[in-house]
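Peer 1: You'll find entry.cif just under this line, and it carries mmCIF, C-alpha atoms.
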```
data_my_file
loop_
_atom_site.label_atom_id
_atom_site.label_comp_id
_atom_site.auth_asym_id
_atom_site.auth_seq_id
_atom_site.Cartn_x
_atom_site.Cartn_y
_atom_site.Cartn_z
CA MET A 1 0.00 0.00 0.00
CA LEU A 2 1.11 3.52 -0.75
CA GLU A 3 1.55 5.60 2.41
CA ILE A 4 1.04 9.32 1.76
CA SER A 5 1.40 11.72 4.67
CA GLY A 6 -1.07 14.48 5.40
CA LEU A 7 1.65 17.02 4.64
CA THR A 8 2.22 15.54 1.17
CA TRP A 9 -1.53 15.64 0.47
CA ALA A 10 -1.69 19.25 1.66
CA VAL A 11 1.30 20.36 -0.44
CA THR A 12 -0.05 18.56 -3.53
CA ILE A 13 -3.50 20.14 -3.22
CA GLY A 14 -1.87 23.52 -2.54
CA VAL A 15 0.20 23.29 -5.75
CA VAL A 16 -2.86 22.31 -7.81
CA VAL A 17 -4.93 25.16 -6.32
CA ALA A 18 -2.09 27.64 -6.92
CA LEU A 19 -1.80 26.63 -10.59
CA LEU A 20 -5.58 26.91 -11.01
CA ALA A 21 -5.56 30.32 -9.34
CA LEU A 22 -2.79 31.47 -11.69
CA ASP A 23 -4.85 30.36 -14.70
CA LEU A 24 -7.98 32.06 -13.38
CA VAL A 25 -6.22 35.31 -12.56
CA LEU A 26 -4.65 35.47 -16.02
CA ALA A 27 -8.02 34.79 -17.63
CA ALA A 28 -9.82 37.44 -15.58
CA ALA A 29 -7.11 40.11 -15.63
CA ARG A 30 -6.47 40.12 -19.37
CA PRO A 31 -9.25 38.60 -21.51
CA HIS A 32 -7.71 37.97 -24.93
CA ARG A 33 -7.49 35.58 -27.82
CA VAL A 34 -4.94 32.89 -26.95
CA GLY A 35 -2.52 32.46 -29.83
CA PHE A 36 -0.57 29.39 -30.96
CA ARG A 37 2.74 30.47 -29.37
CA GLU A 38 1.16 31.17 -25.97
CA ALA A 39 -0.83 27.91 -26.07
CA THR A 40 2.32 25.95 -26.95
CA ALA A 41 4.30 27.53 -24.09
CA TRP A 42 1.60 26.76 -21.50
CA SER A 43 1.11 23.21 -22.84
CA VAL A 44 4.83 22.46 -22.57
CA PHE A 45 4.87 24.03 -19.09
CA TYR A 46 2.09 21.76 -17.78
CA VAL A 47 3.51 18.62 -19.42
CA LEU A 48 6.93 19.32 -17.88
CA ILE A 49 5.32 19.81 -14.46
CA ALA A 50 3.52 16.47 -14.82
CA ILE A 51 6.72 14.70 -15.90
CA ALA A 52 8.79 16.33 -13.12
CA PHE A 53 6.23 15.24 -10.56
CA GLY A 54 6.27 11.70 -11.97
CA VAL A 55 10.07 11.51 -11.76
CA TRP A 56 10.03 12.78 -8.15
CA PHE A 57 7.20 10.41 -7.27
CA ALA A 58 9.02 7.39 -8.72
CA MET A 59 12.22 8.30 -6.87
CA ALA A 60 10.38 8.87 -3.58
CA TYR A 61 7.93 5.93 -3.65
CA GLY A 62 9.38 3.41 -6.09
CA GLY A 63 9.30 2.64 -9.78
CA ASP A 64 6.09 0.59 -9.64
CA PHE A 65 4.06 3.46 -8.22
CA GLY A 66 5.78 5.81 -10.67
CA THR A 67 4.70 3.58 -13.57
CA GLN A 68 1.15 3.56 -12.22
CA TYR A 69 1.17 7.37 -12.12
CA PHE A 70 2.38 7.73 -15.71
CA ALA A 71 -0.13 5.12 -16.92
CA GLY A 72 -2.94 6.94 -15.11
CA TYR A 73 -1.77 10.30 -16.44
CA ILE A 74 -1.73 9.06 -20.04
CA VAL A 75 -5.20 7.51 -19.65
CA GLU A 76 -6.61 10.76 -18.29
CA LYS A 77 -4.78 12.86 -20.89
CA SER A 78 -6.21 10.75 -23.72
CA LEU A 79 -9.73 10.96 -22.29
CA SER A 80 -9.30 14.72 -21.79
CA VAL A 81 -8.77 15.11 -25.55
CA ASP A 82 -12.32 13.83 -25.97
CA ASN A 83 -13.31 16.52 -23.46
CA LEU A 84 -11.80 19.04 -25.84
CA PHE A 85 -14.10 17.91 -28.65
CA VAL A 86 -17.10 18.62 -26.42
CA PHE A 87 -15.65 21.96 -25.30
CA VAL A 88 -15.32 22.98 -28.96
CA ILE A 89 -18.95 21.95 -29.57
CA ILE A 90 -20.12 23.95 -26.54
CA MET A 91 -18.13 27.04 -27.50
CA THR A 92 -19.52 26.87 -31.03
CA THR A 93 -23.11 26.11 -30.00
CA PHE A 94 -23.27 29.05 -27.59
CA ALA A 95 -21.09 31.36 -29.74
CA VAL A 96 -18.67 32.15 -26.90
CA PRO A 97 -16.40 35.09 -27.90
CA GLU A 98 -12.75 34.08 -28.17
CA GLU A 99 -11.65 36.52 -25.46
CA HIS A 100 -13.89 34.76 -22.91
CA GLN A 101 -13.06 31.17 -23.85
CA HIS A 102 -9.99 31.17 -21.58
CA LYS A 103 -12.19 32.01 -18.56
CA VAL A 104 -14.83 29.41 -19.50
CA LEU A 105 -12.22 26.67 -19.82
CA THR A 106 -10.59 27.53 -16.49
CA PHE A 107 -13.94 27.44 -14.67
CA GLY A 108 -14.73 24.19 -16.48
CA ILE A 109 -11.47 22.63 -15.29
CA ILE A 110 -12.17 23.73 -11.70
CA LEU A 111 -15.63 22.13 -11.86
CA ALA A 112 -14.12 18.96 -13.33
CA LEU A 113 -11.51 18.73 -10.58
CA ILE A 114 -14.10 19.19 -7.83
CA MET A 115 -16.36 16.51 -9.30
CA ARG A 116 -13.52 14.09 -9.86
CA ALA A 117 -12.18 14.62 -6.33
CA ILE A 118 -15.62 13.61 -5.01
CA PHE A 119 -15.74 10.55 -7.28
CA ILE A 120 -12.16 9.57 -6.37
CA ALA A 121 -12.98 9.64 -2.64
CA LEU A 122 -16.19 7.69 -3.23
CA GLY A 123 -14.53 5.19 -5.60
CA ALA A 124 -11.56 4.56 -3.30
CA THR A 125 -13.89 3.98 -0.34
CA LEU A 126 -16.10 1.57 -2.27
CA LEU A 127 -13.12 -0.38 -3.65
CA SER A 128 -11.60 -0.73 -0.18
CA LEU A 129 -14.90 -1.99 1.29
CA PHE A 130 -16.28 -4.12 -1.55
CA SER A 131 -13.98 -5.99 -3.93
CA PHE A 132 -16.87 -6.67 -6.32
CA MET A 133 -16.77 -2.95 -7.19
CA PHE A 134 -13.88 -3.86 -9.51
CA LEU A 135 -16.35 -6.04 -11.41
CA LEU A 136 -18.97 -3.27 -11.53
CA PHE A 137 -16.41 -0.67 -12.65
CA GLY A 138 -15.17 -3.07 -15.32
CA LEU A 139 -18.67 -3.71 -16.64
CA LEU A 140 -19.38 0.05 -16.64
CA LEU A 141 -16.28 0.71 -18.74
CA ILE A 142 -17.11 -2.07 -21.20
CA TYR A 143 -20.65 -0.72 -21.58
CA THR A 144 -19.26 2.78 -22.13
CA ALA A 145 -16.77 1.44 -24.69
CA VAL A 146 -19.52 -0.34 -26.64
CA GLN A 147 -21.77 2.72 -26.63
CA LEU A 148 -18.93 5.04 -27.63
CA PHE A 149 -17.98 2.74 -30.50
CA ARG A 150 -21.60 2.45 -31.68
CA HIS A 151 -22.00 6.23 -31.77
CA ARG A 152 -18.40 7.10 -32.67
CA ASP A 153 -19.49 9.20 -35.67
CA GLU A 154 -21.87 11.39 -33.65
CA ASP A 155 -21.45 14.41 -31.39
CA PRO A 156 -23.24 14.84 -28.06
CA ASP A 157 -26.18 17.23 -28.23
CA VAL A 158 -25.18 19.74 -25.53
CA GLU A 159 -28.50 21.57 -25.71
CA ASP A 160 -30.46 18.33 -25.22
CA ASN A 161 -29.32 18.41 -21.61
CA ALA A 162 -31.65 18.48 -18.60
CA VAL A 163 -29.49 21.01 -16.75
CA VAL A 164 -29.27 23.38 -19.72
CA ARG A 165 -32.97 23.04 -20.57
CA THR A 166 -33.99 23.74 -16.98
CA ALA A 167 -31.68 26.74 -16.71
CA ARG A 168 -33.07 28.24 -19.92
CA ARG A 169 -36.59 27.78 -18.58
CA VAL A 170 -36.15 29.23 -15.08
CA LEU A 171 -33.37 31.82 -15.39
CA PRO A 172 -33.66 35.29 -16.96
CA ILE A 173 -30.87 35.36 -19.56
CA THR A 174 -29.41 38.33 -21.45
CA ASP A 175 -28.93 38.24 -25.22
CA ASP A 176 -25.17 38.94 -25.12
CA TYR A 177 -22.18 38.14 -22.92
CA VAL A 178 -21.95 41.61 -21.30
CA GLY A 179 -18.17 41.73 -21.23
CA GLY A 180 -17.79 38.23 -19.80
CA LYS A 181 -19.83 38.85 -16.63
CA LEU A 182 -21.91 36.12 -15.01
CA LEU A 183 -24.54 38.46 -13.53
CA THR A 184 -25.79 41.85 -14.61
CA ARG A 185 -28.75 44.20 -14.26
CA VAL A 186 -31.02 45.16 -17.13
CA ASP A 187 -33.63 47.85 -16.39
CA GLY A 188 -33.19 47.17 -12.67
CA ARG A 189 -33.75 43.42 -13.08
CA ARG A 190 -30.98 41.01 -12.11
CA MET A 191 -30.19 38.64 -14.98
CA VAL A 192 -27.60 36.02 -15.86
CA THR A 193 -25.54 36.10 -19.03
CA PRO A 194 -25.20 33.20 -21.49
CA LEU A 195 -21.85 32.51 -19.79
CA VAL A 196 -23.77 30.90 -16.89
CA ILE A 197 -25.50 28.52 -19.31
CA VAL A 198 -22.15 27.66 -20.90
CA LEU A 199 -20.65 26.86 -17.48
CA LEU A 200 -23.67 24.71 -16.59
CA ALA A 201 -23.29 22.83 -19.89
CA ILE A 202 -19.59 22.23 -19.27
CA GLY A 203 -20.22 21.23 -15.65
CA SER A 204 -22.86 18.66 -16.58
CA ILE A 205 -20.62 17.25 -19.33
CA ASP A 206 -17.73 17.11 -16.84
CA LEU A 207 -19.93 15.03 -14.55
CA LEU A 208 -20.53 12.47 -17.31
CA PHE A 209 -16.82 12.31 -18.16
CA ALA A 210 -15.95 11.80 -14.47
CA LEU A 211 -18.24 8.76 -14.38
CA ASP A 212 -16.05 7.15 -17.06
CA SER A 213 -12.58 8.50 -16.34
CA ILE A 214 -12.42 7.69 -12.63
CA PRO A 215 -13.16 3.95 -13.10
CA ALA A 216 -10.71 4.00 -16.02
CA VAL A 217 -7.80 5.31 -13.97
CA PHE A 218 -8.70 2.99 -11.07
CA GLY A 219 -8.10 0.28 -13.66
CA VAL A 220 -4.37 1.08 -13.69
CA THR A 221 -3.96 1.91 -9.99
CA SER A 222 -5.99 1.42 -6.84
CA GLU A 223 -4.20 4.22 -4.98
CA ALA A 224 -6.44 7.25 -4.41
CA TYR A 225 -3.46 9.65 -4.32
CA ILE A 226 -2.21 8.49 -7.72
CA VAL A 227 -5.73 8.72 -9.16
CA PHE A 228 -6.02 12.29 -7.88
CA VAL A 229 -2.65 13.57 -9.14
CA ALA A 230 -3.08 11.84 -12.53
CA ASN A 231 -6.44 13.58 -12.96
CA ALA A 232 -5.20 16.92 -11.65
CA PHE A 233 -2.12 17.18 -13.86
CA ALA A 234 -4.02 15.94 -16.93
CA LEU A 235 -6.77 18.54 -16.41
CA LEU A 236 -4.43 21.41 -15.56
CA GLY A 237 -3.02 21.37 -19.07
CA LEU A 238 -6.42 21.08 -20.70
CA ARG A 239 -7.02 24.79 -21.13
CA ALA A 240 -3.78 25.37 -23.04
CA LEU A 241 -4.21 22.14 -25.01
CA TYR A 242 -7.63 23.33 -26.18
CA PHE A 243 -6.16 26.38 -27.91
CA LEU A 244 -3.18 24.42 -29.20
CA VAL A 245 -5.01 21.55 -30.92
CA LYS A 246 -8.40 23.12 -31.65
CA GLY A 247 -7.65 23.08 -35.36
CA LEU A 248 -6.20 19.55 -35.25
CA LEU A 249 -9.19 17.94 -33.49
CA ASP A 250 -11.22 17.75 -36.68
CA ARG A 251 -8.58 15.43 -38.16
CA LEU A 252 -8.58 12.82 -35.36
CA VAL A 253 -11.31 10.76 -37.03
CA TYR A 254 -10.40 7.52 -35.25
CA LEU A 255 -9.96 8.97 -31.75
CA SER A 256 -13.38 7.85 -30.48
CA THR A 257 -12.66 4.33 -31.74
CA GLY A 258 -9.30 4.36 -29.97
CA LEU A 259 -10.82 5.58 -26.71
CA ALA A 260 -13.49 2.88 -26.94
CA ILE A 261 -10.72 0.25 -27.29
CA ILE A 262 -8.82 1.71 -24.30
CA LEU A 263 -11.92 1.81 -22.09
CA GLY A 264 -12.85 -1.75 -23.07
CA PHE A 265 -9.30 -2.95 -22.38
CA ILE A 266 -9.24 -1.35 -18.92
CA GLY A 267 -12.70 -2.78 -18.23
CA ILE A 268 -11.39 -6.28 -18.98
CA LYS A 269 -8.36 -5.57 -16.76
CA LEU A 270 -10.63 -4.65 -13.84
CA ILE A 271 -12.76 -7.77 -14.28
CA LEU A 272 -9.67 -9.99 -14.39
CA HIS A 273 -8.39 -8.33 -11.21
CA TRP A 274 -11.71 -9.02 -9.48
CA ALA A 275 -11.67 -12.64 -10.65
CA HIS A 276 -8.06 -13.03 -9.50
CA GLU A 277 -8.88 -11.72 -6.01
CA ASP A 278 -12.35 -13.20 -5.47
CA ILE A 279 -12.50 -16.38 -7.56
CA SER A 280 -9.05 -17.87 -8.10
CA THR A 281 -5.46 -16.68 -8.11
CA ALA A 282 -5.05 -18.80 -11.25
CA VAL A 283 -6.91 -16.10 -13.19
CA PRO A 284 -4.21 -14.00 -14.89
CA GLU A 285 -3.92 -10.26 -14.31
CA ILE A 286 -2.77 -7.56 -16.72
CA THR A 287 0.26 -5.74 -15.32
CA THR A 288 0.67 -1.97 -15.27
CA PRO A 289 3.59 -1.94 -17.79
CA VAL A 290 1.46 -3.98 -20.23
CA SER A 291 -1.44 -1.56 -19.71
CA LEU A 292 0.84 1.41 -20.35
CA GLY A 293 2.15 -0.18 -23.54
CA VAL A 294 -1.34 -0.98 -24.86
CA ILE A 295 -2.65 2.53 -24.10
CA ILE A 296 0.30 4.28 -25.75
CA GLY A 297 0.19 1.88 -28.71
CA VAL A 298 -3.53 2.44 -29.34
CA LEU A 299 -3.15 6.24 -29.12
CA VAL A 300 -0.20 6.26 -31.53
CA ILE A 301 -1.98 3.99 -34.03
CA VAL A 302 -5.28 5.92 -34.05
CA THR A 303 -3.48 9.28 -34.31
CA VAL A 304 -1.29 8.20 -37.25
CA ALA A 305 -4.20 6.42 -38.95
CA SER A 306 -6.41 9.50 -38.51
CA LEU A 307 -3.86 11.85 -40.04
CA ILE A 308 -3.28 9.50 -42.99
CA LYS A 309 -7.04 9.09 -43.54
CA THR A 310 -7.80 12.82 -43.48
CA ARG A 311 -4.83 13.56 -45.70
CA LYS A 312 -6.30 11.25 -48.32
CA ASP A 313 -9.82 12.62 -47.81
CA PRO A 314 -9.74 16.22 -46.42
CA THR A 315 -13.57 16.32 -46.34
CA LEU A 316 -13.68 13.93 -43.37
CA THR A 317 -14.40 15.47 -39.95
CA ALA A 318 -13.83 13.87 -36.57
CA HIS A 319 -16.57 13.56 -33.95
CA ALA A 320 -16.43 13.43 -30.18
CA GLY A 321 -18.60 10.35 -30.01
CA SER A 322 -21.77 10.00 -27.99
CA LEU A 323 -23.01 7.51 -25.41
CA LYS A 324 -26.54 7.57 -26.80
CA ALA A 325 -28.26 8.11 -30.13
CA HIS A 326 -29.68 11.56 -30.73
CA LYS A 327 -33.39 12.06 -30.52
CA PRO A 328 -34.90 12.97 -33.88
CA ALA A 329 -35.55 16.67 -34.24
CA ARG A 330 -39.12 17.68 -33.67
CA THR A 331 -40.95 19.02 -36.71
CA GLU A 332 -41.98 22.60 -36.10
CA GLU A 333 -45.67 23.31 -36.40
CA ARG A 334 -46.68 25.46 -39.33
CA GLU A 335 -48.39 28.66 -38.51
#
```
Any chance you could give the structure as structure tokens?

Peer 2:
Amino acid sequence: MLEISGLTWAVTIGVVVALLALDLVLAAARPHRVGFREATAWSVFYVLIAIAFGVWFAMAYGGDFGTQYFAGYIVEKSLSVDNLFVFVIIMTTFAVPEEHQHKVLTFGIILALIMRAIFIALGATLLSLFSFMFLLFGLLLIYTAVQLFRHRDEDPDVEDNAVVRTARRVLPITDDYVGGKLLTRVDGRRMVTPLVIVLLAIGSIDLLFALDSIPAVFGVTSEAYIVFVANAFALLGLRALYFLVKGLLDRLVYLSTGLAIILGFIGIKLILHWAHEDISTAVPEITTPVSLGVIIGVLVIVTVASLIKTRKDPTLTAHAGSLKAHKPARTEERE
């Protein structure tokens, strides 16, 4: 078992909060369009921080735990790219001005971290109390993989969302973004701006992603601390990565297929672990190095295959994938 002191937890959370605060302050103090050079610099910065932490962690706690961290980080980073697809869809659907997208993404990452921290605590508790949770998590991931593969050529309908629909119905909303404010007054009446609806859309999507990503990373490590840091460092770089690869996302036509394969693989790994612990030690387990190799291999293959495919046929466009089929659009009544 990995023994992490309260001081280490406190310092880790403090570093994550400080980096988030830096992002939020920069977004609020100077709203602007994030260019390629700036996005590249921040992306490299966050990747180097994640790698430096992994090296320190491996040296301090052993190579096995270090391998688990890097495997978890890569899993979460690959799943976060699918997050980016949905972020692009949300930004486009709600016509968020470019100068406010930085702020929206930072708030979205904060919401994602809070939700995932809750799910990590809940998941770690359940796994420690009930070993059959490995079986349930494995089945959940396999179901998600099958659904994602079935609807790999679709995009989630962010407006067909109970949270967004309810907010539109009950909240007074302004027509424009009012300089990036969340609340404003119009003719003495307090109203919310569309930015609130965007944040609600991102928050509800983050909740769905947390339901998949937390079981996925528990598939490569059962240590709550490693699950937390892998999620935190993967999400911290998400804002910069969005601006860096926004134009490239359309070309990753096989990404949803690759993620479906990864989720299915980790689901099988969890089920084998449960069978090994609860049924018979003769049941083989998939080791962390093998998991890391499979995950990296799948990501490399789908990325290269996607770029080759779109180079041959530039009209192809990638999709985020959806866990359910879209409802048919209702025919509007004629007047």

Peer 1: Written as a ChimeraX atom specification, which residues does the PyMOL selection byres ((chain A and resi 67) around 10) give for the file shown?

Peer 2: /A:54-55,57-58,62-66,68-73,220-221,288-289,292

Peer 1: Pick from A:Ala240, A:Val304, A:Val146, A:Val163: nearest to Ala260 of chain A, with all atoms listed in the file counted?

Peer 2: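 Distance minimum relative to Ala260 of chain A lands on A:Val146.
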
Peer 1: Can you measure atom CA of Met1 of chain A to atom CA of Ser222 of chain A for me? One decimal in Å is fine.

Peer 2: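 Computing the Euclidean distance for atom CA of Met1 of chain A and atom CA of Ser222 of chain A yields 9.2 Å.
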
Peer 1: Show which residues sit within 8 Å of Leu113 of chain A, as a PyMOL selection string. Count all atoms listed in the file, and ignore same-chain residues fewer than 6 positions away.

Peer 2: chain A and resi 231-232+235

Peer 1: Taking C-alpha atoms for each residue, export the selection above as a short mmCIF file (atom, residue, chain, number, x, y, z; two decimals), in the coordinates of the input.

Peer 2:
```
data_model
loop_
_atom_site.label_atom_id
_atom_site.label_comp_id
_atom_site.auth_asym_id
_atom_site.auth_seq_id
_atom_site.Cartn_x
_atom_site.Cartn_y
_atom_site.Cartn_z
CA ASN A 231 -6.44 13.58 -12.96
CA ALA A 232 -5.20 16.92 -11.65
CA LEU A 235 -6.77 18.54 -16.41
#
```

Peer 1: Selected by the PyMOL selection byres ((chain A and resi 223-225) around 8) in the shown coordinates: which residues, as a ChimeraX atom specification?

Peer 2: /A:1-2,4,9,120-121,124,218,221-222,226-229

Peer 1: Would you mind telling me which residue in A:Gly237, A:Gly264, A:Pro156, A:Gly35 lies nearest to Thr144 of chain A when using all atoms listed in the file?

Peer 2: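 Of all the options, A:Gly264 lies closest to Thr144 of chain A.
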
Peer 1: For segment 177-192 of chain A, list every protein, DNA or RNA residue within 9 Å, evaluated using only C-alpha atoms, and leave out those in the same chain fewer than 4 positions away; present the list as a PyMOL selection string.

Peer 2: chain A and resi 31+96-97+99-100+103+171-173+196-197
